[in-house]
>>> print(open('query-v3.txt').read())   # compact mmCIF, C-alpha atoms
# COMPACT_ATOMS: atom_id res chain seq x y z
CA MET A 27 17.26 201.52 -5.79
CA MET A 28 15.69 204.90 -6.63
CA ALA A 29 19.10 206.54 -6.66
CA SER A 30 20.57 204.07 -9.15
CA LYS A 31 17.47 204.44 -11.39
CA LEU A 32 17.99 208.21 -11.42
CA LEU A 33 21.64 207.69 -12.31
CA ALA A 34 20.77 205.20 -15.06
CA SER A 35 18.19 207.54 -16.63
CA ALA A 36 20.71 210.41 -16.53
CA LEU A 37 23.27 208.24 -18.35
CA ARG A 38 20.65 207.22 -20.94
CA ARG A 39 19.78 210.88 -21.55
CA ALA A 40 23.46 211.74 -22.13
CA SER A 41 24.10 212.00 -25.87
CA PRO A 42 26.41 209.21 -27.14
CA ALA A 43 28.22 211.82 -29.18
CA THR A 44 29.17 213.80 -26.07
CA ALA A 45 29.99 210.84 -23.83
CA PRO A 46 33.69 209.98 -23.35
CA PRO A 47 34.87 207.23 -25.76
CA LEU A 48 35.43 204.66 -23.00
CA LEU A 49 31.96 205.37 -21.54
CA ARG A 50 30.33 205.00 -24.99
CA ARG A 51 32.08 201.67 -25.49
CA ARG A 52 31.23 200.25 -22.15
CA LEU A 53 29.36 201.56 -19.10
CA LEU A 54 30.27 198.65 -16.86
CA SER A 55 33.38 196.53 -16.37
CA THR A 56 33.53 192.96 -17.70
CA ALA A 57 33.13 191.67 -14.18
CA ALA A 58 29.93 193.58 -13.30
CA ALA A 59 26.91 191.60 -12.13
CA VAL A 60 24.89 192.77 -15.14
CA ALA A 61 27.81 191.98 -17.46
CA GLU A 62 27.14 192.73 -21.10
CA PRO A 63 28.41 190.29 -23.73
CA TYR A 64 32.12 190.77 -24.31
CA GLU A 65 32.62 192.63 -27.59
CA ASP A 66 35.80 193.53 -29.44
CA SER A 67 36.13 197.07 -30.68
CA SER A 68 37.57 197.42 -34.20
CA SER A 69 39.84 200.26 -33.10
CA GLY A 70 40.65 198.71 -29.70
CA VAL A 71 41.94 200.42 -26.57
CA VAL A 72 45.47 201.77 -26.38
CA MET A 73 46.90 202.24 -22.90
CA LYS A 74 50.55 202.59 -21.85
CA GLY A 75 51.55 201.86 -25.44
CA VAL A 76 49.72 198.52 -25.53
CA ARG A 77 46.82 197.95 -27.95
CA ILE A 78 44.08 195.69 -26.61
CA ALA A 79 41.15 194.49 -28.74
CA GLY A 80 38.63 195.30 -25.97
CA ARG A 81 38.39 195.37 -22.21
CA PRO A 82 40.23 192.31 -20.79
CA LEU A 83 38.34 189.80 -18.68
CA TYR A 84 39.09 190.44 -15.02
CA LEU A 85 40.83 187.75 -12.94
CA ASP A 86 42.69 189.86 -10.38
CA MET A 87 40.25 189.76 -7.46
CA GLN A 88 43.02 189.76 -4.83
CA ALA A 89 44.10 193.22 -6.05
CA THR A 90 40.57 194.62 -5.93
CA SER A 91 37.00 193.58 -6.65
CA PRO A 92 34.24 195.37 -8.57
CA VAL A 93 31.64 197.14 -6.43
CA ASP A 94 28.52 195.00 -6.16
CA PRO A 95 25.61 196.98 -7.73
CA ARG A 96 23.59 196.36 -4.54
CA VAL A 97 26.40 198.02 -2.55
CA LEU A 98 26.36 201.01 -4.90
CA ASP A 99 22.58 201.29 -4.42
CA SER A 100 23.07 201.59 -0.67
CA MET A 101 25.78 204.27 -1.10
CA LEU A 102 24.19 206.64 -3.65
CA PRO A 103 21.64 208.33 -1.31
CA PHE A 104 24.55 209.44 0.91
CA TYR A 105 26.22 211.13 -2.06
CA LEU A 106 23.07 212.73 -3.48
CA HIS A 107 20.78 213.93 -0.68
CA ARG A 108 21.78 212.45 2.70
CA TYR A 109 25.18 214.15 2.59
CA GLY A 110 25.44 215.32 6.20
CA ASN A 111 28.61 215.06 8.28
CA PRO A 112 28.03 212.17 10.74
CA HIS A 113 29.74 214.26 13.45
CA SER A 114 27.24 217.17 13.09
CA ARG A 115 25.10 216.88 16.22
CA THR A 116 22.68 219.77 15.69
CA HIS A 117 20.51 218.79 12.70
CA LEU A 118 18.82 215.95 10.81
CA TYR A 119 21.53 215.63 8.13
CA GLY A 120 24.11 214.79 10.78
CA TRP A 121 21.78 212.50 12.71
CA GLU A 122 20.83 210.35 9.72
CA SER A 123 24.47 210.06 8.61
CA ASP A 124 25.50 209.09 12.13
CA GLN A 125 22.74 206.48 12.23
CA ALA A 126 23.92 205.06 8.88
CA VAL A 127 27.53 204.85 10.14
CA GLU A 128 26.47 203.02 13.31
CA SER A 129 24.29 200.63 11.30
CA ALA A 130 27.29 199.85 9.04
CA ARG A 131 29.46 199.33 12.12
CA SER A 132 26.99 196.67 13.29
CA GLN A 133 27.04 194.99 9.85
CA VAL A 134 30.86 194.77 9.86
CA ALA A 135 30.89 193.52 13.47
CA ALA A 136 28.29 190.82 12.74
CA LEU A 137 30.43 189.32 9.95
CA VAL A 138 33.39 188.74 12.32
CA GLY A 139 31.48 187.91 15.51
CA ALA A 140 32.44 191.15 17.29
CA SER A 141 30.66 193.92 19.16
CA PRO A 142 30.01 197.10 17.10
CA LYS A 143 31.90 199.01 19.84
CA GLU A 144 35.05 197.08 18.82
CA ILE A 145 35.01 198.32 15.20
CA VAL A 146 36.97 201.45 14.20
CA PHE A 147 36.67 202.74 10.62
CA THR A 148 39.92 203.57 8.81
CA SER A 149 40.95 204.32 5.23
CA GLY A 150 41.83 200.68 4.55
CA ALA A 151 43.77 197.63 5.73
CA THR A 152 47.14 199.38 5.26
CA GLU A 153 46.19 202.03 7.80
CA SER A 154 44.70 199.39 10.13
CA ASN A 155 47.96 197.42 9.95
CA ASN A 156 50.02 200.53 10.73
CA ILE A 157 47.82 201.40 13.74
CA SER A 158 48.03 197.81 14.98
CA VAL A 159 51.76 197.18 14.63
CA LYS A 160 53.17 200.64 15.41
CA GLY A 161 50.32 201.76 17.68
CA VAL A 162 50.51 198.78 20.05
CA MET A 163 54.30 198.78 20.33
CA HIS A 164 54.48 202.54 20.90
CA PHE A 165 51.82 202.33 23.61
CA TYR A 166 53.56 199.50 25.50
CA ARG A 167 57.14 200.56 24.62
CA ASP A 168 58.35 200.69 28.23
CA LYS A 169 57.77 196.96 28.81
CA LYS A 170 57.45 195.38 25.37
CA ARG A 171 60.25 195.59 22.79
CA HIS A 172 59.72 192.50 20.58
CA VAL A 173 57.38 191.68 17.66
CA ILE A 174 56.89 188.32 15.91
CA THR A 175 55.63 188.19 12.33
CA THR A 176 56.16 185.99 9.24
CA GLN A 177 58.28 186.42 6.13
CA THR A 178 55.15 186.23 3.92
CA GLU A 179 53.18 189.12 5.46
CA HIS A 180 51.81 191.98 3.37
CA LYS A 181 54.34 194.68 2.63
CA CYS A 182 52.67 197.23 4.94
CA VAL A 183 53.12 194.91 7.95
CA LEU A 184 56.75 194.17 7.03
CA ASP A 185 57.50 197.88 6.46
CA SER A 186 55.83 198.81 9.78
CA CYS A 187 58.08 196.24 11.46
CA ARG A 188 61.17 197.66 9.73
CA HIS A 189 60.13 201.11 10.96
CA LEU A 190 60.01 199.73 14.51
CA GLN A 191 63.44 198.13 14.02
CA GLN A 192 64.85 201.55 13.20
CA GLU A 193 63.42 202.75 16.53
CA GLY A 194 65.26 199.99 18.40
CA PHE A 195 62.59 197.29 18.65
CA ASP A 196 63.45 193.61 17.97
CA ILE A 197 61.56 191.83 15.18
CA THR A 198 61.46 188.06 14.55
CA TYR A 199 60.48 187.16 10.97
CA LEU A 200 59.32 183.54 11.11
CA PRO A 201 59.96 181.40 8.02
CA VAL A 202 57.09 179.36 6.57
CA SER A 203 57.02 175.78 5.28
CA PRO A 204 57.07 175.09 1.50
CA ASP A 205 53.25 175.09 1.52
CA GLY A 206 53.19 178.59 3.08
CA ILE A 207 51.96 177.60 6.55
CA VAL A 208 53.69 178.91 9.70
CA ASP A 209 55.34 176.36 12.01
CA LEU A 210 53.46 176.57 15.34
CA GLU A 211 56.33 175.17 17.41
CA ARG A 212 58.68 177.74 15.94
CA LEU A 213 56.18 180.46 16.85
CA ARG A 214 55.88 179.13 20.40
CA SER A 215 59.66 179.06 20.90
CA ALA A 216 60.07 182.60 19.47
CA ILE A 217 57.86 184.20 22.17
CA ARG A 218 59.84 186.10 24.83
CA PRO A 219 58.81 187.86 28.07
CA ASP A 220 59.08 191.22 26.24
CA THR A 221 57.07 190.12 23.15
CA GLY A 222 54.43 192.79 22.63
CA LEU A 223 52.70 191.53 19.48
CA VAL A 224 52.33 188.53 17.17
CA SER A 225 51.15 189.49 13.67
CA VAL A 226 50.15 186.75 11.19
CA MET A 227 47.90 187.32 8.18
CA ALA A 228 44.84 185.05 7.92
CA VAL A 229 44.77 184.53 4.13
CA ASN A 230 47.84 185.37 2.07
CA ASN A 231 47.23 187.88 -0.72
CA GLU A 232 49.64 186.22 -3.17
CA ILE A 233 49.18 182.48 -2.62
CA GLY A 234 45.84 182.33 -0.78
CA VAL A 235 46.97 179.98 2.02
CA ILE A 236 44.91 180.05 5.22
CA GLN A 237 46.98 180.07 8.42
CA PRO A 238 45.88 177.97 11.46
CA MET A 239 44.34 180.99 13.20
CA GLU A 240 42.72 179.21 16.15
CA GLU A 241 45.97 177.41 17.03
CA ILE A 242 47.99 180.64 16.78
CA GLY A 243 45.37 182.39 18.93
CA ARG A 244 45.63 179.67 21.58
CA ILE A 245 49.43 180.01 21.76
CA CYS A 246 49.14 183.81 22.10
CA LYS A 247 46.52 183.44 24.84
CA GLU A 248 48.71 180.94 26.70
CA PHE A 249 51.60 183.46 26.78
CA ASN A 250 49.28 186.49 27.18
CA VAL A 251 50.62 188.17 24.02
CA PRO A 252 48.31 190.34 21.84
CA PHE A 253 47.57 188.72 18.47
CA HIS A 254 47.05 190.85 15.34
CA THR A 255 45.92 189.52 11.98
CA ASP A 256 45.65 191.16 8.57
CA ALA A 257 42.31 189.67 7.47
CA ALA A 258 41.82 191.82 4.34
CA GLN A 259 41.82 188.73 2.08
CA ALA A 260 39.83 186.61 4.54
CA LEU A 261 36.85 188.88 5.25
CA GLY A 262 33.69 187.59 3.59
CA LYS A 263 35.54 184.64 2.06
CA ILE A 264 36.14 182.32 5.00
CA PRO A 265 34.20 182.27 8.31
CA ILE A 266 35.79 184.63 10.88
CA ASP A 267 35.08 184.52 14.60
CA VAL A 268 37.21 186.85 16.72
CA GLU A 269 36.46 184.80 19.83
CA LYS A 270 37.54 181.48 18.30
CA TRP A 271 40.62 183.08 16.75
CA ASN A 272 41.39 184.99 19.99
CA VAL A 273 42.61 188.03 18.04
CA SER A 274 43.22 191.32 19.83
CA LEU A 275 43.42 193.35 16.60
CA MET A 276 42.24 192.60 13.07
CA SER A 277 42.65 194.66 9.89
CA LEU A 278 39.81 194.69 7.34
CA SER A 279 39.34 196.20 3.87
CA GLY A 280 36.24 197.25 1.93
CA HIS A 281 37.38 196.91 -1.68
CA LYS A 282 38.32 193.23 -1.39
CA ILE A 283 34.69 192.24 -0.66
CA TYR A 284 32.88 194.09 -3.50
CA GLY A 285 32.76 197.32 -1.49
CA PRO A 286 34.26 200.74 -2.29
CA LYS A 287 37.96 201.64 -2.20
CA GLY A 288 39.27 204.00 0.48
CA ILE A 289 37.49 202.39 3.42
CA GLY A 290 38.58 199.73 5.90
CA ALA A 291 38.13 198.85 9.54
CA LEU A 292 40.12 197.80 12.56
CA TYR A 293 38.74 195.36 15.11
CA MET A 294 40.06 196.19 18.60
CA ARG A 295 39.23 193.85 21.45
CA ARG A 296 37.58 195.43 24.51
CA ARG A 297 37.93 192.51 26.96
CA PRO A 298 40.78 192.08 27.67
CA ARG A 299 41.29 195.60 26.40
CA ILE A 300 44.02 196.35 23.87
CA ARG A 301 45.44 199.88 23.73
CA VAL A 302 47.15 201.65 20.82
CA GLU A 303 48.83 204.98 20.25
CA PRO A 304 46.87 206.82 17.51
CA GLN A 305 48.79 207.34 14.28
CA MET A 306 46.50 210.22 13.21
CA ASN A 307 45.74 213.24 15.42
CA GLY A 308 42.79 215.57 15.05
CA GLY A 309 39.15 215.85 16.11
CA GLY A 310 39.14 212.63 18.09
CA GLN A 311 36.67 210.72 15.90
CA GLU A 312 36.44 206.92 16.16
CA ARG A 313 37.17 206.96 19.91
CA GLY A 314 40.29 209.04 19.28
CA ILE A 315 42.00 206.17 17.46
CA ARG A 316 41.42 207.50 13.94
CA SER A 317 40.69 211.22 13.73
CA GLY A 318 39.12 212.62 10.58
CA THR A 319 35.57 212.89 9.21
CA VAL A 320 34.13 209.42 8.70
CA PRO A 321 33.16 209.11 4.98
CA THR A 322 29.51 208.06 5.31
CA PRO A 323 28.94 206.73 1.75
CA LEU A 324 32.08 204.56 1.91
CA VAL A 325 31.23 203.25 5.39
CA VAL A 326 27.67 202.45 4.28
CA GLY A 327 29.11 200.63 1.25
CA MET A 328 31.44 198.55 3.40
CA GLY A 329 28.58 197.69 5.76
CA ALA A 330 26.35 196.60 2.86
CA ALA A 331 29.21 194.53 1.38
CA CYS A 332 29.68 192.77 4.73
CA GLU A 333 25.96 192.02 5.02
CA LEU A 334 25.89 190.58 1.49
CA ALA A 335 29.02 188.52 2.21
CA MET A 336 27.37 187.09 5.32
CA LYS A 337 24.33 185.98 3.32
CA GLU A 338 26.17 184.73 0.24
CA MET A 339 29.51 183.40 1.57
CA GLU A 340 28.49 179.75 1.34
CA TYR A 341 27.03 180.10 -2.16
CA ASP A 342 30.04 182.13 -3.37
CA HIS A 343 32.43 179.54 -1.93
CA ARG A 344 30.75 176.63 -3.74
CA ARG A 345 30.62 178.48 -7.04
CA ILE A 346 34.18 179.86 -6.86
CA SER A 347 35.56 176.42 -5.86
CA ALA A 348 33.98 174.89 -8.99
CA LEU A 349 35.48 177.66 -11.16
CA GLN A 350 38.94 177.21 -9.59
CA GLU A 351 38.78 173.48 -10.32
CA ARG A 352 37.71 174.21 -13.90
CA LEU A 353 40.63 176.63 -14.36
CA LEU A 354 43.28 174.33 -12.85
CA ASN A 355 42.08 171.16 -14.60
CA GLY A 356 41.70 173.06 -17.87
CA ILE A 357 45.31 174.28 -17.80
CA ARG A 358 46.84 171.05 -16.44
CA GLY A 359 44.89 168.97 -18.97
CA LYS A 360 46.62 170.74 -21.86
CA ILE A 361 50.15 171.59 -20.68
CA ASP A 362 52.75 170.06 -18.37
CA GLY A 363 55.14 171.71 -15.93
CA VAL A 364 52.39 173.57 -14.04
CA VAL A 365 53.02 173.99 -10.30
CA VAL A 366 50.53 175.33 -7.73
CA ASN A 367 52.26 177.65 -5.25
CA GLY A 368 51.08 177.21 -1.67
CA SER A 369 48.98 174.58 0.05
CA MET A 370 45.98 173.21 -1.89
CA GLU A 371 44.36 171.86 1.29
CA ARG A 372 44.51 175.05 3.39
CA ARG A 373 43.67 177.59 0.71
CA TYR A 374 41.04 180.18 -0.18
CA THR A 375 39.72 178.76 -3.46
CA GLY A 376 39.38 182.14 -5.21
CA ASN A 377 43.19 182.44 -5.33
CA LEU A 378 45.14 180.23 -7.73
CA ASN A 379 48.86 181.01 -7.98
CA LEU A 380 50.55 178.98 -10.71
CA SER A 381 54.14 178.73 -11.95
CA PHE A 382 54.85 177.57 -15.50
CA ALA A 383 58.23 175.87 -16.01
CA TYR A 384 60.49 177.16 -18.83
CA VAL A 385 58.47 180.33 -19.36
CA GLU A 386 59.55 183.89 -18.56
CA GLY A 387 56.93 185.50 -16.31
CA GLU A 388 56.93 189.04 -17.69
CA SER A 389 56.64 187.70 -21.27
CA LEU A 390 53.69 185.55 -20.20
CA LEU A 391 51.97 188.51 -18.53
CA MET A 392 52.50 190.71 -21.59
CA GLY A 393 51.14 187.93 -23.81
CA LEU A 394 48.02 187.64 -21.65
CA LYS A 395 46.79 191.14 -22.54
CA GLU A 396 43.21 189.90 -22.83
CA VAL A 397 43.22 188.61 -19.24
CA ALA A 398 43.74 190.95 -16.28
CA VAL A 399 45.95 188.85 -13.99
CA SER A 400 49.06 189.66 -11.98
CA SER A 401 52.34 188.06 -10.98
CA GLY A 402 51.85 188.79 -7.27
CA SER A 403 50.81 191.61 -4.96
CA ALA A 404 49.44 194.73 -6.68
CA CYS A 405 51.41 196.78 -4.16
CA THR A 406 54.74 195.47 -5.48
CA SER A 407 53.86 194.56 -9.08
CA ALA A 408 56.02 197.38 -10.48
CA SER A 409 59.12 195.47 -9.31
CA LEU A 410 60.77 192.93 -11.60
CA GLU A 411 62.18 191.07 -8.60
CA PRO A 412 60.61 187.64 -7.99
CA SER A 413 57.93 187.62 -5.30
CA TYR A 414 59.37 187.63 -1.77
CA VAL A 415 56.42 185.44 -0.72
CA LEU A 416 57.37 182.71 -3.21
CA ARG A 417 61.04 182.98 -2.25
CA ALA A 418 60.02 182.47 1.40
CA LEU A 419 58.31 179.23 0.30
CA GLY A 420 61.64 178.06 -1.13
CA VAL A 421 60.44 178.32 -4.75
CA ASP A 422 63.41 178.45 -7.17
CA GLU A 423 64.07 181.90 -8.62
CA ASP A 424 63.27 180.81 -12.19
CA MET A 425 59.89 179.35 -11.10
CA ALA A 426 59.14 182.36 -8.87
CA HIS A 427 59.61 184.56 -11.95
CA THR A 428 56.99 182.58 -13.89
CA SER A 429 54.17 182.81 -11.36
CA ILE A 430 50.72 184.08 -12.34
CA ARG A 431 48.01 184.77 -9.77
CA TYR A 432 44.45 184.13 -10.96
CA GLY A 433 41.79 185.74 -8.76
CA ILE A 434 38.26 184.34 -9.12
CA GLY A 435 35.27 186.17 -7.65
CA ARG A 436 31.52 186.53 -7.28
CA PHE A 437 30.96 187.77 -10.84
CA THR A 438 33.44 185.53 -12.69
CA THR A 439 31.71 183.35 -15.31
CA GLU A 440 32.49 179.89 -16.71
CA GLU A 441 33.02 181.49 -20.14
CA GLU A 442 35.69 183.79 -18.68
CA ILE A 443 37.45 180.83 -17.07
CA ASP A 444 37.39 178.85 -20.34
CA ARG A 445 38.75 181.84 -22.25
CA ALA A 446 41.49 182.33 -19.63
CA VAL A 447 42.48 178.64 -19.96
CA GLU A 448 42.59 178.93 -23.76
CA LEU A 449 44.70 182.11 -23.74
CA THR A 450 47.09 180.87 -21.01
CA VAL A 451 47.72 177.54 -22.74
CA GLN A 452 48.18 179.29 -26.11
CA GLN A 453 50.71 181.75 -24.67
CA VAL A 454 52.68 179.19 -22.63
CA GLU A 455 52.98 176.91 -25.66
CA LYS A 456 54.10 179.83 -27.82
CA LEU A 457 56.82 180.86 -25.31
CA ARG A 458 57.99 177.28 -24.80
CA GLU A 459 58.42 176.86 -28.56
CA MET A 460 61.03 179.62 -28.34
CA SER A 461 62.70 178.20 -25.22
CA PRO A 462 65.83 176.04 -25.71
CA LEU A 463 65.58 175.03 -22.04
CA TYR A 464 62.17 173.42 -22.65
CA GLU A 465 63.57 171.45 -25.59
CA MET A 466 66.49 170.25 -23.45
CA ALA A 467 64.16 169.28 -20.58
CA ARG A 468 61.95 167.30 -22.96
CA ALA A 469 65.06 165.54 -24.24
CA GLY A 470 65.75 164.42 -20.67
CA VAL A 471 68.57 166.86 -19.85
CA ASP A 472 68.78 167.85 -16.16
CA ILE A 473 68.85 171.64 -16.52
CA LYS A 474 70.12 172.19 -12.96
CA SER A 475 73.18 170.00 -13.53
CA ILE A 476 74.41 172.10 -16.48
CA GLN A 477 77.55 174.16 -15.83
CA TRP A 478 77.04 177.39 -17.77
CA ALA A 479 80.21 179.00 -19.16
CA GLN A 480 80.75 182.75 -18.94
CA HIS A 481 81.78 184.70 -22.04
>>> encode(input="query-v3.txt", output="structure tokens")
Amino acid sequence: MMASKLLASALRRASPATAPPLLRRRLLSTAAAVAEPYEDSSSGVVMKGVRIAGRPLYLDMQATSPVDPRVLDSMLPFYLHRYGNPHSRTHLYGWESDQAVESARSQVAALVGASPKEIVFTSGATESNNISVKGVMHFYRDKKRHVITTQTEHKCVLDSCRHLQQEGFDITYLPVSPDGIVDLERLRSAIRPDTGLVSVMAVNNEIGVIQPMEEIGRICKEFNVPFHTDAAQALGKIPIDVEKWNVSLMSLSGHKIYGPKGIGALYMRRRPRIRVEPQMNGGGQERGIRSGTVPTPLVVGMGAACELAMKEMEYDHRRISALQERLLNGIRGKIDGVVVNGSMERRYTGNLNLSFAYVEGESLLMGLKEVAVSSGSACTSASLEPSYVLRALGVDEDMAHTSIRYGIGRFTTEEEIDRAVELTVQQVEKLREMSPLYEMARAGVDIKSIQWAQH
């Protein structure tokens, strides 16, 4: 706490005239725990050619989450005066940093029911996924040549699999049902004697569906195949137990649970032991699996975020569920043609992916300038192609183009939800007024039966 008080007093002493314009306007984001009242600036903010009245309210928690102020408090001492390299073995600075890293390792392990010795710190879930998919298959390449994954995995898992394909490995991409859940019998029948890995993400980043992890784990155990899961979107949001899930490898991320960016972890089972080929060579840190100086402040932040998540998961879940219901009922109560993408029963409640019929997605996003939402994964949001996750669910291309992902989190307020409902409804109605297809649909015309003539 002392560190954040020092920082706050330093910011107060800074002359408003010399502070950068954005800092003068607002020291914290709209989603911060100590959120100030939302205020419009007369001049507004111009970014990428778009003028916005003030900072938008933030509903993109699947892309990233704000750092919890309590997490920042735990990190600041390791930036300001406990700045030793945790691998320095000859003096106090190194010892205290090393102790802090090991304490954080225990905090991460406790949240997933693992031993601290099974946690390896990485730069994030993308790196953990690369180590898991490529590292395992490279290590066992003489006997194992086949990987099973799903069509709705995160891009870094799919790209790692494509990389393996180029090296001559076989990859099976399992389809999912229209609600986004993997078919267990299909998984069972896809396993071969040379299958070296099954990789299925726990909670989908775009549609929030929760896969049947325990059942998948049982199938993998029955066939003695290592099971990897990308749990970046699951950590701190749903209960995780590596023993119940029977995972051999699990990828975790710090910035999805109100921790800092640039830090993640990889759970690696010790009994039965799973081996990987390191993807990074160097000083042999993190048991030789991930060389490079461990960034103490980031690791401490991730550990603190995990400890907070453990204490507050139940409370957060209840609160976020109520906000999700408020958002969905608010939108559905005012407009028709709203479809929820993915299962509503097996779903993390902080993710609400909606498609709006007869509305063009990019136009809707541009119209929602006052709400920070996305049309899918932040990693692929630059593409105008419809989401590959929604296409895998069998969603029609026109509906896939109109999807908006609302991400609700720990610091989201009821007022923000109500404002998001108001703005979404307003914008959808405005776009539908301009849509001849909506008029035809209301008149009872079956749009799909129309034969369009070419000119």
>>> residues_around(input="query-v3.txt", residues="Ile346 of chain A", least_positions_apart="2", cutoff="8 Å", atoms="only C-alpha atoms", output="ChimeraX atom specification")
/A:342-344,348-350,375-376,434-436
>>> write_last_selection(input="query-v3.txt", atoms="C-alpha atoms", output="mmCIF file, in the coordinates of the input")
data_model
loop_
_atom_site.group_PDB
_atom_site.id
_atom_site.type_symbol
_atom_site.label_atom_id
_atom_site.label_comp_id
_atom_site.auth_asym_id
_atom_site.auth_seq_id
_atom_site.Cartn_x
_atom_site.Cartn_y
_atom_site.Cartn_z
ATOM 1 C CA ASP A 342 30.040 182.130 -3.370
ATOM 2 C CA HIS A 343 32.430 179.540 -1.930
ATOM 3 C CA ARG A 344 30.750 176.630 -3.740
ATOM 4 C CA ALA A 348 33.980 174.890 -8.990
ATOM 5 C CA LEU A 349 35.480 177.660 -11.160
ATOM 6 C CA GLN A 350 38.940 177.210 -9.590
ATOM 7 C CA THR A 375 39.720 178.760 -3.460
ATOM 8 C CA GLY A 376 39.380 182.140 -5.210
ATOM 9 C CA ILE A 434 38.260 184.340 -9.120
ATOM 10 C CA GLY A 435 35.270 186.170 -7.650
ATOM 11 C CA ARG A 436 31.520 186.530 -7.280
#
>>> closest_residue(input="query-v3.txt", among="A:Tyr84, A:Tyr341, A:Tyr432, A:Phe104", to="Pro323 of chain A", atoms="all atoms listed in the file")
A:Phe104
>>> atom_distance(input="query-v3.txt", atom1="atom CA of Glu179 of chain A", atom2="atom CA of Met227 of chain A")
6.2 Å
>>> atom_distance(input="query-v3.txt", atom1="atom CA of Ile289 of chain A", atom2="atom CA of Gln177 of chain A")
26.4 Å
>>> closest_residue(input="query-v3.txt", among="A:Val183, A:Leu378, A:Ile315, A:Cys246", to="Ala216 of chain A", atoms="all atoms listed in the file")
A:Cys246
>>> atom_distance(input="query-v3.txt", atom1="atom CA of Phe382 of chain A", atom2="atom CA of Asn231 of chain A")
19.6 Å
>>> residues_around(input="query-v3.txt", residues="segment 354-370 of chain A", least_positions_apart="6", cutoff="6 Å", atoms="all atoms listed in the file", output="ChimeraX atom specification")
/A:205-206,233,379-383,447
